[in-house]
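Read through the structure below, which is laid out as structure tokens, and then see the notes.
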Amino acid sequence: MAAHPDDEVLGFGGALALLADAGIRPVLVSVTDGEASHPGSRSPLARELAAVRRRELHQALSRLRARVHRIALHLPDSGVARHEQDLTGRLARLLDGYDLCVAPYSRDLHPDHEAAGRAALAAAAASGVPVWEYPVWAWHWARPADPALPWHRAARIPLTPAAHARKQAALDCFRSQVKPLGDRPGDEAILPPEELAHFQSDFEVIWQ
């Protein structure tokens, strides 16, 4: 589950590559289309971000070689919390019969990530399905051994060299996020190199 197209690759892309190598085909629930990533931009590209980010995700999943069944819910970017109850109900129906739910960290300090994470936890509790939470924005604001993070629930997922390489190739697909949309205020990259570096390790971390 991802709040925006790219969250699943940033936080869990290497694991998706490992699952693909194991012959597992997960369901990917995209909560929003990520259309509001640059609210202050006047670039023509900013008006097409929903379509752009869908294409970027398709390319990224292809580079991961991840064969997923994707379900797009098209909830409003930056407005997931207003639809949290509905999202919880939809997820509860989708989770029936599954072994695991992987979702954004419910205390990530990004409102959409947190609303999506809370909805996943509530839906999974009702369905009896365990949840793994993956942090995204937490890597930006937290410091090493930060007591604000639940390290007692942390698990490290080591990536094979092949899975790591495929994740790096997949990250390159999100040009609307890692490159500026233009040269005006509001066009800045959401994930400049110093932020993207958090997701280029040869392991991933989830909270169990």
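Going by the structure tokens order, chains are called A, B, ..., each with residues numbered from 1, while ligands are numbered from 1 in the order shown.
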
As a PyMOL selection string, please: the residues near A:Ala163 (cut-off 7 Å, only C-alpha atoms, same-chain neighbours under 4 positions excluded).
chain A and resi 14+17-18+159+167

May I have the residues from that selection written out with N, CA, C and O atoms, as a PDB file, in the first residue's frame?
```pdb
ATOM      1  N   GLY A  14      13.038  -2.566  -2.746  1.00  0.00           N
ATOM      2  CA  GLY A  14      13.940  -3.705  -2.772  1.00  0.00           C
ATOM      3  C   GLY A  14      13.247  -4.986  -2.362  1.00  0.00           C
ATOM      4  O   GLY A  14      13.482  -6.053  -2.943  1.00  0.00           O
ATOM      5  N   ALA A  17      11.288  -6.322  -5.164  1.00  0.00           N
ATOM      6  CA  ALA A  17      12.142  -7.064  -6.093  1.00  0.00           C
ATOM      7  C   ALA A  17      12.415  -8.468  -5.573  1.00  0.00           C
ATOM      8  O   ALA A  17      12.409  -9.448  -6.336  1.00  0.00           O
ATOM      9  N   LEU A  18      12.651  -8.592  -4.263  1.00  0.00           N
ATOM     10  CA  LEU A  18      12.873  -9.918  -3.678  1.00  0.00           C
ATOM     11  C   LEU A  18      11.631 -10.793  -3.800  1.00  0.00           C
ATOM     12  O   LEU A  18      11.734 -11.998  -4.090  1.00  0.00           O
ATOM     13  N   LEU A 159      19.066  -6.602   1.116  1.00  0.00           N
ATOM     14  CA  LEU A 159      18.779  -6.744  -0.303  1.00  0.00           C
ATOM     15  C   LEU A 159      19.932  -7.454  -1.003  1.00  0.00           C
ATOM     16  O   LEU A 159      21.100  -7.178  -0.714  1.00  0.00           O
ATOM     17  N   LYS A 167      16.325  -1.656  -7.523  1.00  0.00           N
ATOM     18  CA  LYS A 167      15.689  -0.552  -6.807  1.00  0.00           C
ATOM     19  C   LYS A 167      16.291   0.781  -7.235  1.00  0.00           C
ATOM     20  O   LYS A 167      15.557   1.759  -7.435  1.00  0.00           O
TER      21      LYS A 167
END
```

Name the residues in contact with A:His74 at a cut-off of 12 Å, using only C-alpha atoms, excluding same-chain residues fewer than 3 positions from it; report them as a compact mmCIF listing (two decimals) with N, CA, C and O atoms, in the first residue's frame.
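Contents of result29.txt, freshly written:
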```
# COMPACT_ATOMS: atom_id res chain seq x y z
N ALA A 2 0.50 2.23 -0.81
CA ALA A 2 1.27 3.47 -0.89
C ALA A 2 0.33 4.65 -0.91
O ALA A 2 -0.71 4.63 -1.56
N ALA A 3 0.71 5.71 -0.17
CA ALA A 3 -0.09 6.92 -0.20
C ALA A 3 0.06 7.65 -1.53
O ALA A 3 -0.89 8.23 -2.05
N HIS A 4 1.27 7.62 -2.09
CA HIS A 4 1.56 8.29 -3.37
C HIS A 4 2.41 7.36 -4.23
O HIS A 4 3.19 6.56 -3.69
N PRO A 5 2.31 7.48 -5.55
CA PRO A 5 3.20 6.70 -6.42
C PRO A 5 4.65 7.13 -6.19
O PRO A 5 5.00 8.29 -6.42
N VAL A 29 -1.93 -1.30 -3.61
CA VAL A 29 -3.02 -0.33 -3.49
C VAL A 29 -2.41 1.07 -3.50
O VAL A 29 -1.68 1.45 -2.58
N SER A 30 -2.70 1.84 -4.55
CA SER A 30 -2.24 3.22 -4.66
C SER A 30 -3.38 4.12 -4.18
O SER A 30 -4.42 4.22 -4.82
N VAL A 31 -3.17 4.79 -3.06
CA VAL A 31 -4.25 5.55 -2.45
C VAL A 31 -4.53 6.83 -3.23
O VAL A 31 -5.68 7.17 -3.49
N THR A 32 -3.50 7.58 -3.60
CA THR A 32 -3.68 8.79 -4.42
C THR A 32 -2.84 8.66 -5.68
O THR A 32 -2.03 7.74 -5.83
N ASP A 33 -3.01 9.63 -6.57
CA ASP A 33 -2.19 9.68 -7.78
C ASP A 33 -1.02 10.63 -7.65
O ASP A 33 -0.27 10.85 -8.61
N GLY A 34 -0.85 11.26 -6.48
CA GLY A 34 0.29 12.12 -6.26
C GLY A 34 0.25 13.43 -7.01
O GLY A 34 1.28 14.05 -7.26
N GLU A 35 -0.96 13.89 -7.31
CA GLU A 35 -1.10 15.07 -8.17
C GLU A 35 -0.74 16.39 -7.50
O GLU A 35 -0.60 17.41 -8.18
N ALA A 50 -0.70 13.82 -12.14
CA ALA A 50 -1.35 12.53 -11.89
C ALA A 50 -0.97 11.52 -12.97
O ALA A 50 -0.55 10.39 -12.66
N ALA A 51 -1.07 11.93 -14.22
CA ALA A 51 -0.71 11.03 -15.32
C ALA A 51 0.78 10.75 -15.35
O ALA A 51 1.22 9.61 -15.59
N ARG A 54 1.70 8.28 -12.57
CA ARG A 54 1.25 6.92 -12.89
C ARG A 54 2.22 6.25 -13.86
O ARG A 54 2.56 5.07 -13.71
N ILE A 71 -4.23 -1.64 -7.72
CA ILE A 71 -5.56 -1.07 -7.51
C ILE A 71 -5.35 0.40 -7.16
O ILE A 71 -4.70 0.73 -6.16
N ASP A 77 -4.78 13.71 -3.32
CA ASP A 77 -3.46 13.93 -2.74
C ASP A 77 -3.54 15.10 -1.77
O ASP A 77 -4.16 16.13 -2.05
N SER A 78 -2.93 14.93 -0.61
CA SER A 78 -2.95 15.90 0.49
C SER A 78 -4.29 15.94 1.23
O SER A 78 -4.48 16.78 2.11
N GLY A 79 -5.21 15.02 0.89
CA GLY A 79 -6.50 15.01 1.54
C GLY A 79 -6.95 13.64 2.00
O GLY A 79 -8.15 13.41 2.19
N VAL A 80 -6.01 12.72 2.19
CA VAL A 80 -6.38 11.34 2.54
C VAL A 80 -7.11 11.28 3.89
O VAL A 80 -8.05 10.50 4.06
N HIS A 83 -10.81 11.20 4.08
CA HIS A 83 -11.45 9.99 3.55
C HIS A 83 -10.99 8.74 4.31
O HIS A 83 -11.16 7.63 3.81
N LEU A 87 -11.53 4.82 3.43
CA LEU A 87 -10.34 4.05 3.06
C LEU A 87 -10.21 2.81 3.93
O LEU A 87 -9.90 1.72 3.43
```

Selection: 12 Å around A:Ile157, only C-alpha atoms, excl. self and same-chain fewer than 3 positions, as number ranges by chain
A: 11-19, 132, 134, 154, 160, 163-164, 201-208

For A:Ser43, list every protein, DNA or RNA residue within 7 Å, evaluated using only C-alpha atoms, and leave out those in the same chain fewer than 2 positions away; present the list as a ChimeraX atom specification.
/A:41,45-46,181-182

Write the residues you've just listed into a file as a PDB file, in the first residue's frame, and include all heavy atoms for each of them.
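Dumped to out.pdb:
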```pdb
ATOM      1  N   SER A  41       3.823  25.177  -7.828  1.00  0.00           N
ATOM      2  CA  SER A  41       4.427  25.252  -9.165  1.00  0.00           C
ATOM      3  C   SER A  41       3.447  25.789 -10.199  1.00  0.00           C
ATOM      4  O   SER A  41       2.259  25.455 -10.188  1.00  0.00           O
ATOM      5  CB  SER A  41       4.913  23.861  -9.597  1.00  0.00           C
ATOM      6  OG  SER A  41       5.401  23.893 -10.925  1.00  0.00           O
ATOM      7  N   LEU A  45       3.846  21.146 -16.453  1.00  0.00           N
ATOM      8  CA  LEU A  45       3.938  19.754 -16.018  1.00  0.00           C
ATOM      9  C   LEU A  45       3.170  19.520 -14.720  1.00  0.00           C
ATOM     10  O   LEU A  45       2.648  18.423 -14.497  1.00  0.00           O
ATOM     11  CB  LEU A  45       5.409  19.366 -15.838  1.00  0.00           C
ATOM     12  CG  LEU A  45       5.717  17.890 -15.581  1.00  0.00           C
ATOM     13  CD1 LEU A  45       5.233  17.021 -16.729  1.00  0.00           C
ATOM     14  CD2 LEU A  45       7.220  17.701 -15.367  1.00  0.00           C
ATOM     15  N   ALA A  46       3.078  20.544 -13.886  1.00  0.00           N
ATOM     16  CA  ALA A  46       2.378  20.394 -12.603  1.00  0.00           C
ATOM     17  C   ALA A  46       0.906  20.068 -12.807  1.00  0.00           C
ATOM     18  O   ALA A  46       0.287  19.424 -11.948  1.00  0.00           O
ATOM     19  CB  ALA A  46       2.537  21.658 -11.768  1.00  0.00           C
ATOM     20  N   LEU A 181      10.708  20.624 -11.549  1.00  0.00           N
ATOM     21  CA  LEU A 181       9.760  20.729 -12.668  1.00  0.00           C
ATOM     22  C   LEU A 181      10.117  21.891 -13.578  1.00  0.00           C
ATOM     23  O   LEU A 181       9.684  21.946 -14.735  1.00  0.00           O
ATOM     24  CB  LEU A 181       8.333  20.925 -12.146  1.00  0.00           C
ATOM     25  CG  LEU A 181       7.710  19.794 -11.331  1.00  0.00           C
ATOM     26  CD1 LEU A 181       6.240  20.102 -11.056  1.00  0.00           C
ATOM     27  CD2 LEU A 181       7.850  18.453 -12.031  1.00  0.00           C
ATOM     28  N   GLY A 182      10.856  22.848 -13.063  1.00  0.00           N
ATOM     29  CA  GLY A 182      11.257  24.025 -13.828  1.00  0.00           C
ATOM     30  C   GLY A 182      12.261  24.824 -13.027  1.00  0.00           C
ATOM     31  O   GLY A 182      12.904  24.290 -12.118  1.00  0.00           O
TER      32      GLY A 182
END
```
